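Engineer: Structure in structure tokens, see below.
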Amino acid sequence: MSAIFITATGTDIGKTYVVTSLIRHCRTAGLQVDALKPLATGFDPTSPAMSDTGLLLAALGRPLQSADINGISPWRYSAPLSPDMAARKEGKVVDFGALVDFCRRSIAACPGTLLIEGIGGVMVPLDEKYTVLDWMAALNIPVVLVTGSYLGSLSHTLTALDAMRSRAIAVTAVVLNETVGSTVSMADTEATLGRFAATIPIAPLPRGGSVTRLASLILK
Ligand SMILES: Nc1ncnc2c1ncn2[C@@H]1O[C@H](COP(=O)(O)OP(=O)(O)O)[C@@H](O)[C@H]1O
Ligand SMILES: [Mg+2]
């Protein structure tokens with residue numbers, strides 16, 4: 001039983017790509033793996049296949065049916081907004097305690113590695129009071145931070161790492177995911193991050209690339 005939380009410097013940075021690639025890597029290697037996307041926004045129940053939930057289920061080789069969708073993504077909202085705003089549009093509030101309990105119970109029940117995809121970036125609000133940072137701190141499991149090679153990502157990455165450090169959240173690796181069309185070199189970005197975050201391993205991930213290096217860093 002082990003669990004890893006996958007967060008990012010922001011939305012669309014590559015969390016789902018990393019989680020689905022890790023799932024496929026584990027299954028090919030014969031390792032037991034499961035995944036959750038507990039909170040999903042922008043979820044369209046009429047076309048769930050392309051949602052994060054659908055992509056995770058496909059990678060896990062599980063059917064796209066309501067029991068499985070509910071099982072990995074109990075909190076789903078249709079507006080493509082932060083969870084607090086998306087829930088409010090439906091007259092609801094994300095129950096932070098229930099979210100943490102659900103994750104803890106899932107971690108305890110998982111015989112292999114459980115990958116938990118967060119939502120948006122490190123400090124996306126979940127309700128009026130809590131952000132993803134509080135969620136990660138409450139779970140107290142290792143975190144993988146996915147970032148890009150876009151111009152501006154150095155500050156976003158170091159700010160995210162600083163916020164997590166201030167809450168004693170253990171970052172086990174940074175995935176430097178190649179940003180399409182970026183003018184900034186991956187190698188220079190990796191070298192700079194290495195200077196400012198010297199204790200955290202960095203796994204570069206080219207477009208369409210494999211997560212072998214990341215897997216070797218995080219899977220026990
Ligand atoms: N390394 C990569 N190679 C190819 N496509 C990628 C890679 N990283 C992300 N993508 C694609 O970029 C888009 C946004 O990534 P996604 O994983 O959905 O981000 P997030 O989960 O952080 O919102 C998706 O279409 C995804 O498949
Ligand atoms: Mg995603």
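Naming scheme: A, B, ... for chains in displayed order of the structure tokens; residues 1 onward per chain; ligands 1 onward as shown.
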Compile a residue-level contact table for region 105-195 of chain A against region 205-212 of chain A at a cut-off of 7 Å, reporting for every qualifying residue the shortest atom pair and its distance in Å to one decimal, with only C-alpha atoms counted, rows ordered by chain and ascending number, as a tab-separated table.

Structural biologist:
```
residue	atom	partner	partner_atom	distance
A:Val175	CA	A:Leu205	CA	6.6
A:Leu176	CA	A:Leu205	CA	5.8
A:Asn177	CA	A:Leu205	CA	4.7
A:Glu178	CA	A:Pro206	CA	5.0
```

Engineer: Give me, as JSON lines, the closest atom pair and its distance (Å, one decimal) for every residue of chain A within a cut-off of 10 Å of ligand 1, counting only C-alpha atoms and all ligand atoms, rows sorted by chain and rising number.

Structural biologist:
```
{"residue": "A:Ile6", "atom": "CA", "partner": "ligand 1", "partner_atom_place_in_ligand_line": "22 (O)", "distance": 9.0}
{"residue": "A:Thr7", "atom": "CA", "partner": "ligand 1", "partner_atom_place_in_ligand_line": "22 (O)", "distance": 7.6}
{"residue": "A:Ala8", "atom": "CA", "partner": "ligand 1", "partner_atom_place_in_ligand_line": "22 (O)", "distance": 6.2}
{"residue": "A:Thr9", "atom": "CA", "partner": "ligand 1", "partner_atom_place_in_ligand_line": "22 (O)", "distance": 8.3}
{"residue": "A:Gly10", "atom": "CA", "partner": "ligand 1", "partner_atom_place_in_ligand_line": "22 (O)", "distance": 6.6}
{"residue": "A:Thr11", "atom": "CA", "partner": "ligand 1", "partner_atom_place_in_ligand_line": "23 (O)", "distance": 4.3}
{"residue": "A:Asp12", "atom": "CA", "partner": "ligand 1", "partner_atom_place_in_ligand_line": "23 (O)", "distance": 3.2}
{"residue": "A:Ile13", "atom": "CA", "partner": "ligand 1", "partner_atom_place_in_ligand_line": "22 (O)", "distance": 4.0}
{"residue": "A:Gly14", "atom": "CA", "partner": "ligand 1", "partner_atom_place_in_ligand_line": "17 (O)", "distance": 3.2}
{"residue": "A:Lys15", "atom": "CA", "partner": "ligand 1", "partner_atom_place_in_ligand_line": "21 (O)", "distance": 3.7}
{"residue": "A:Thr16", "atom": "CA", "partner": "ligand 1", "partner_atom_place_in_ligand_line": "17 (O)", "distance": 3.6}
{"residue": "A:Tyr17", "atom": "CA", "partner": "ligand 1", "partner_atom_place_in_ligand_line": "17 (O)", "distance": 3.8}
{"residue": "A:Val18", "atom": "CA", "partner": "ligand 1", "partner_atom_place_in_ligand_line": "17 (O)", "distance": 6.4}
{"residue": "A:Val19", "atom": "CA", "partner": "ligand 1", "partner_atom_place_in_ligand_line": "17 (O)", "distance": 7.9}
{"residue": "A:Thr20", "atom": "CA", "partner": "ligand 1", "partner_atom_place_in_ligand_line": "17 (O)", "distance": 8.4}
{"residue": "A:Ser21", "atom": "CA", "partner": "ligand 1", "partner_atom_place_in_ligand_line": "1 (N)", "distance": 9.3}
{"residue": "A:Lys37", "atom": "CA", "partner": "ligand 1", "partner_atom_place_in_ligand_line": "21 (O)", "distance": 9.9}
{"residue": "A:Met50", "atom": "CA", "partner": "ligand 1", "partner_atom_place_in_ligand_line": "25 (O)", "distance": 9.5}
{"residue": "A:Ser51", "atom": "CA", "partner": "ligand 1", "partner_atom_place_in_ligand_line": "18 (O)", "distance": 8.7}
{"residue": "A:Asp52", "atom": "CA", "partner": "ligand 1", "partner_atom_place_in_ligand_line": "21 (O)", "distance": 7.0}
{"residue": "A:Leu55", "atom": "CA", "partner": "ligand 1", "partner_atom_place_in_ligand_line": "18 (O)", "distance": 9.3}
{"residue": "A:Glu117", "atom": "CA", "partner": "ligand 1", "partner_atom_place_in_ligand_line": "21 (O)", "distance": 7.8}
{"residue": "A:Gly118", "atom": "CA", "partner": "ligand 1", "partner_atom_place_in_ligand_line": "21 (O)", "distance": 8.4}
{"residue": "A:Ile119", "atom": "CA", "partner": "ligand 1", "partner_atom_place_in_ligand_line": "23 (O)", "distance": 7.4}
{"residue": "A:Gly120", "atom": "CA", "partner": "ligand 1", "partner_atom_place_in_ligand_line": "23 (O)", "distance": 6.3}
{"residue": "A:Gly121", "atom": "CA", "partner": "ligand 1", "partner_atom_place_in_ligand_line": "22 (O)", "distance": 7.9}
{"residue": "A:Val146", "atom": "CA", "partner": "ligand 1", "partner_atom_place_in_ligand_line": "22 (O)", "distance": 7.5}
{"residue": "A:Thr147", "atom": "CA", "partner": "ligand 1", "partner_atom_place_in_ligand_line": "22 (O)", "distance": 8.7}
{"residue": "A:Gly148", "atom": "CA", "partner": "ligand 1", "partner_atom_place_in_ligand_line": "8 (N)", "distance": 8.7}
{"residue": "A:Val175", "atom": "CA", "partner": "ligand 1", "partner_atom_place_in_ligand_line": "1 (N)", "distance": 9.6}
{"residue": "A:Leu176", "atom": "CA", "partner": "ligand 1", "partner_atom_place_in_ligand_line": "1 (N)", "distance": 9.0}
{"residue": "A:Asn177", "atom": "CA", "partner": "ligand 1", "partner_atom_place_in_ligand_line": "1 (N)", "distance": 5.5}
{"residue": "A:Glu178", "atom": "CA", "partner": "ligand 1", "partner_atom_place_in_ligand_line": "1 (N)", "distance": 6.1}
{"residue": "A:Thr179", "atom": "CA", "partner": "ligand 1", "partner_atom_place_in_ligand_line": "8 (N)", "distance": 7.7}
{"residue": "A:Val180", "atom": "CA", "partner": "ligand 1", "partner_atom_place_in_ligand_line": "6 (C)", "distance": 8.6}
{"residue": "A:Pro204", "atom": "CA", "partner": "ligand 1", "partner_atom_place_in_ligand_line": "1 (N)", "distance": 9.2}
{"residue": "A:Leu205", "atom": "CA", "partner": "ligand 1", "partner_atom_place_in_ligand_line": "1 (N)", "distance": 5.6}
{"residue": "A:Pro206", "atom": "CA", "partner": "ligand 1", "partner_atom_place_in_ligand_line": "1 (N)", "distance": 5.3}
{"residue": "A:Arg207", "atom": "CA", "partner": "ligand 1", "partner_atom_place_in_ligand_line": "3 (N)", "distance": 3.4}
{"residue": "A:Gly208", "atom": "CA", "partner": "ligand 1", "partner_atom_place_in_ligand_line": "3 (N)", "distance": 3.6}
{"residue": "A:Gly209", "atom": "CA", "partner": "ligand 1", "partner_atom_place_in_ligand_line": "1 (N)", "distance": 5.6}
{"residue": "A:Ser210", "atom": "CA", "partner": "ligand 1", "partner_atom_place_in_ligand_line": "1 (N)", "distance": 7.9}
{"residue": "A:Val211", "atom": "CA", "partner": "ligand 1", "partner_atom_place_in_ligand_line": "1 (N)", "distance": 9.0}
```

Engineer: Using only C-alpha atoms and all ligand atoms, which of the listed residues (A:Ala197, A:Pro80, A:Ser66, A:Ala29) sits closest to ligand 2?

Structural biologist: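 Looking at the shortest contact to ligand 2, the residue is A:Pro80.
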
Engineer: Region 77-192 of chain A: which residues are strand (DSSP E) by DSSP, as a ChimeraX atom specification?

Structural biologist: /A:113-117,143-148,171-177

Engineer: Considering only C-alpha atoms, return as a list in words whatever protein or nucleic-acid residues lie within 10 Å of Asn70 (chain A), sequence-local ones (same chain, fewer than 5 positions apart) excluded.

Structural biologist: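 Answer for this query is Pro38, Thr53, Gln65, Trp75 and Arg76 of chain A.
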
Engineer: Report as a list in words all protein, DNA and RNA residues lying within 12 Å of Ala49 (chain A), evaluated on only C-alpha atoms, omitting residues in the same chain fewer than 4 positions from it.

Structural biologist: Phe43, Asp44, Pro45, Thr53, Gly54, Leu55, Leu56, Leu57, Ala58, Ala59, Arg62, Pro63, Leu64, Gln65, Ser66 and Ile69 of chain A

Engineer: If you run DSSP on the backbone here, which positions in chain A get alpha helix (DSSP H)? Please write them as a PyMOL selection string.

Structural biologist: chain A and resi 15-28+52-60+66-72+83-89+96-109+132-139+153-166+186-196+212-218
